[in-house]
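Everything below concerns the one structure shown next.
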Amino acid sequence: MPRLITPNGTRCLLSRSPALRNSWRLSRPFHSPPDRKAALNQGQPLNTHFPSTVDSKPPAAIESYLPPKSGILSHLPKSWVPYAELVRIDKPTGTYYLFFPCLFSTLMAAPLATPMATPLSVLGTGTLFFAGALIMRGAGCAINDLWDRNLDRHVRRTKLRPLARGAITPFQALTFTGVQLLAGLGVLLQFPLPCLFYGVPSLLFVAAYPLAKRVTYYPQFVLGLTFSWGAVMGFPALGVDLLSNTPALTAAALLYASNVSWTVLYDMIYAHMDIKDDAKAGIKSIALKHDPDTKKVLTGLAAVQIGLLGAAGVAAGAGPAFFVGSCGGAALTLGWMIRRVDLKSVKDCWWWFVNGCWITGGTISLGLGADYLLRYSKDNKAQAEIEV
């Protein structure tokens with residue numbers, strides 16, 4: 001069929017029209033719709049929206065990656081750095097957020113154990129939980145990055161992650177994740193056997209979280225179900241049988257729900273750091289869904305968290321130290337954070353995400369710890385009187 005042959009760069013005469021000048025079809029060279037040649041050269045299907053598809057090549061900006069010159073990463077062999085970055089070894093805040101629910105449940109469960117758990121056993125259990133949190137948080141990050149490796153290329157904060165920039169292959173990351181999961185299983189086996197049956201189901205939530213970001217505006221809720229699992233684990237870790245101890249089961253369930261609310265709260269602040277890039281990349285989050293009313297939502301989440309935390313203390317028979325220290329302290333610290341955080345500032349959101357972990361998590365832990373030590377001291381005195 002005869003075709004009109006025109007030199008490259010020939011423009012349509014209609015492009016002289018002011019009304020049509022801004023149309024790409026009329027203002028660009030006849031043979032060059034957006035990225036058409038690049039698409040053909042790369043074997044990609046023609047798509048007028050090609051630059052925004054998640055399967056496109058990584059942006060040229062990833063070439064700006066520079067090896068770390070300070071911090072823990074700078075002291076590692078060069079070949080180890082991508083794996084350390086994969087598990088966020090240089091950004092431990094996620095490990096602390098995963099650890100705090102474990103610590104909360106350990107301190108709440110200690111007075112319910114028979115006999116009451118000693119401070120040494122509480123310390124040992126907490127240490128094991130921290131080791132588990134460190135390993136499993138790394139495994140969770142790797143699973144998340146495997147799911148998101150194409151999306152991460154389009155988000156300013158994540159485009160330099162090792163999978164997104166091609167520093168390691170998906171197979172290498174998957175193999176490394178398997179090693180981490182085996183190490184996590186090794187830690188889990190140091191606890192009483194019932195912990196194995198309570199702990200393994202949490203892996204379903206670990207795998208589901210990255211998928212949730214694609215189908216719902218509330219992936220933070222799935223993250224809460226995942227990160228809060230430790231709020232249950234402290235009870236069987238200290239030998240408290242949840243199935244036969246109704247107060248303990250009630251306390252564990254309420255503490256778990258309280259931590260879910262806390263997770264959604266702090267991760268909503270975290271999500272505001274990427275809100276613009278997430279919208280462009282098609283990633284869903286509660287921050288995008290409720291952007292104009294974020295502080296109202298945060299206030300509601302804080303109220304739910306504190307209410308459930310207090311209810312857990314009632315079920316566990318906690319004393320005034322818990323209600324004043326943990327519940328009252330959480331109310332003050334969360335209120336302060338919600339009032340002060342500037343959701344339009346990436347730097348401010350990051351500061352509150354990092355420091356809010358210790359401010360609120362530490363306050364709740366101190367209240368629980370004080371309540372446990374007072375009850376332990378009282379129990380020792382009672383035992384001494386019986387022996388006399």
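Residue numbering restarts at 1 for every chain of the structure tokens, chains are lettered A, B, ... in their displayed order, and ligands are numbered from 1 as they appear.
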>> When you look at Leu181 in chain A with a cut-off of 8 Å (counting only C-alpha atoms), what residues show up, excluding the ones that are within fewer than 6 positions of it in the same chain? I need them as a PyMOL selection string.
In response: chain A and resi 135-136+139
>> Can you pull out the residues contacting Ala84 in chain A? Cut-off 10 Å, using only C-alpha atoms, and skip same-chain residues under 4 positions away; I want them as a list in words.
In response: Ile72, Leu73, Leu76, Ser79, Trp80, Arg88, Ile89, Asp90, Gly138 and Pro162 of chain A
> Hey, what's within 12 Å of Leu182 in chain A if we count only C-alpha atoms and toss same-chain stuff fewer than 5 positions away? As a ChimeraX atom specification, please?
Replying inline: /A:132,135-136,139,175-177,187-189,200
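Considering the residues A:Trp350, A:Pro92, A:Ser326, A:Lys344 and counting only C-alpha atoms, Arg157 in chain A has its shortest atom-to-atom contact with A:Trp350.
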> Which distance in Å separates CA of Pro210 in chain A and CA of Lys296 in chain A, to one decimal?
Replying inline: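 A separation of 26.0 Å between them.
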> Can you list every residue in range 60-222 of chain A that DSSP puts in alpha helix (DSSP H), as an MDAnalysis selection string?
Replying inline: chainID A and resid 81:86 93:109 119:148 170:188 194:199 202:215 219:222
>> Residues within 12 Å of Leu196 in chain A, please, as a list in words. Count only C-alpha atoms; anything in the same chain fewer than 3 positions from it doesn't count.
In response: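 So the residues in contact are Gly184, Leu185, Gly186, Val187, Leu188, Leu189, Gln190, Phe191, Pro192, Leu193, Gly199, Val200, Pro201, Ser202, Leu203, Met233, Pro236 and Ala237 of chain A.
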> Which residues come within 10 Å of Pro170 in chain A, counting only C-alpha atoms, excluding same-chain residues fewer than 6 positions away, as a list of chain:residue names?
Replying inline: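 These residues fall inside the cut-off: A:Ala142, A:Asp145, A:Leu146, A:Trp147, A:Arg149, A:Pro162, A:Leu163, A:Ala164, A:Phe176.
Closest approach to Leu243 in chain A among A:Gly126, A:Pro82, A:Pro194, A:Gly166 is made by A:Pro194 (distances from only C-alpha atoms).
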> So how many Å separate CA of Phe129 in chain A and CA of Leu374 in chain A, to one decimal?
Replying inline: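 Between CA of Phe129 in chain A and CA of Leu374 in chain A the gap is 23.3 Å.
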> Which residues, written as a count of residues only, have at least one atom at most 7 Å from Ala311 in chain A, with only C-alpha atoms counted and residues fewer than 4 positions away on the same chain left out?
Replying inline: 3
>> Report, in Å with one decimal, the straight-line distance from CA of Thr118 in chain A to CA of Thr250 in chain A.
In response: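 Distance between the two atoms: 22.8 Å.
Near range 380-384 of chain A, within a cut-off of 12 Å and counting only C-alpha atoms, sit the residues Pro111, Pro115, Met116, Ala117, Thr118, Leu373, Leu374 and Arg375 of chain A, with same-chain residues fewer than 5 positions away left out.
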Kindly save the residues from that selection, with N, CA and C atoms included, as a PDB file, in the first residue's frame.
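Saved file result22.pdb follows:
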```
ATOM      1  N   PRO A 111       3.996 -11.538  85.415  1.00  0.00           N
ATOM      2  CA  PRO A 111       3.288 -11.750  86.686  1.00  0.00           C
ATOM      3  C   PRO A 111       2.231 -12.846  86.625  1.00  0.00           C
ATOM      4  N   PRO A 115       5.431 -20.483  88.680  1.00  0.00           N
ATOM      5  CA  PRO A 115       5.511 -19.315  89.560  1.00  0.00           C
ATOM      6  C   PRO A 115       5.826 -18.050  88.752  1.00  0.00           C
ATOM      7  N   MET A 116       5.700 -16.893  89.394  1.00  0.00           N
ATOM      8  CA  MET A 116       5.953 -15.640  88.688  1.00  0.00           C
ATOM      9  C   MET A 116       7.368 -15.640  88.116  1.00  0.00           C
ATOM     10  N   ALA A 117       7.472 -15.207  86.868  1.00  0.00           N
ATOM     11  CA  ALA A 117       8.761 -15.214  86.184  1.00  0.00           C
ATOM     12  C   ALA A 117       9.761 -14.305  86.899  1.00  0.00           C
ATOM     13  N   THR A 118      10.994 -14.758  86.999  1.00  0.00           N
ATOM     14  CA  THR A 118      12.040 -13.979  87.641  1.00  0.00           C
ATOM     15  C   THR A 118      12.567 -12.911  86.679  1.00  0.00           C
ATOM     16  N   LEU A 373       7.842  -5.284  88.376  1.00  0.00           N
ATOM     17  CA  LEU A 373       8.779  -5.330  89.504  1.00  0.00           C
ATOM     18  C   LEU A 373       8.060  -5.133  90.840  1.00  0.00           C
ATOM     19  N   LEU A 374       7.069  -4.258  90.884  1.00  0.00           N
ATOM     20  CA  LEU A 374       6.294  -4.068  92.115  1.00  0.00           C
ATOM     21  C   LEU A 374       5.531  -5.332  92.484  1.00  0.00           C
ATOM     22  N   ARG A 375       4.931  -5.975  91.505  1.00  0.00           N
ATOM     23  CA  ARG A 375       4.181  -7.207  91.770  1.00  0.00           C
ATOM     24  C   ARG A 375       5.121  -8.354  92.127  1.00  0.00           C
TER      25      ARG A 375
END
```
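Between Ala279 in chain A and the residues A:Leu298, A:Val155, A:Val354, A:Ala131, the shortest atom-to-atom distance, using only C-alpha atoms, involves A:Val155.
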> With only C-alpha atoms as the atoms that count, which of A:Arg156, A:Lys213, A:Arg137, A:Lys276 lies nearest to Gln180 in chain A?
Replying inline: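 Of A:Arg156, A:Lys213, A:Arg137, A:Lys276, the one nearest Gln180 in chain A is A:Arg137, counting only C-alpha atoms.
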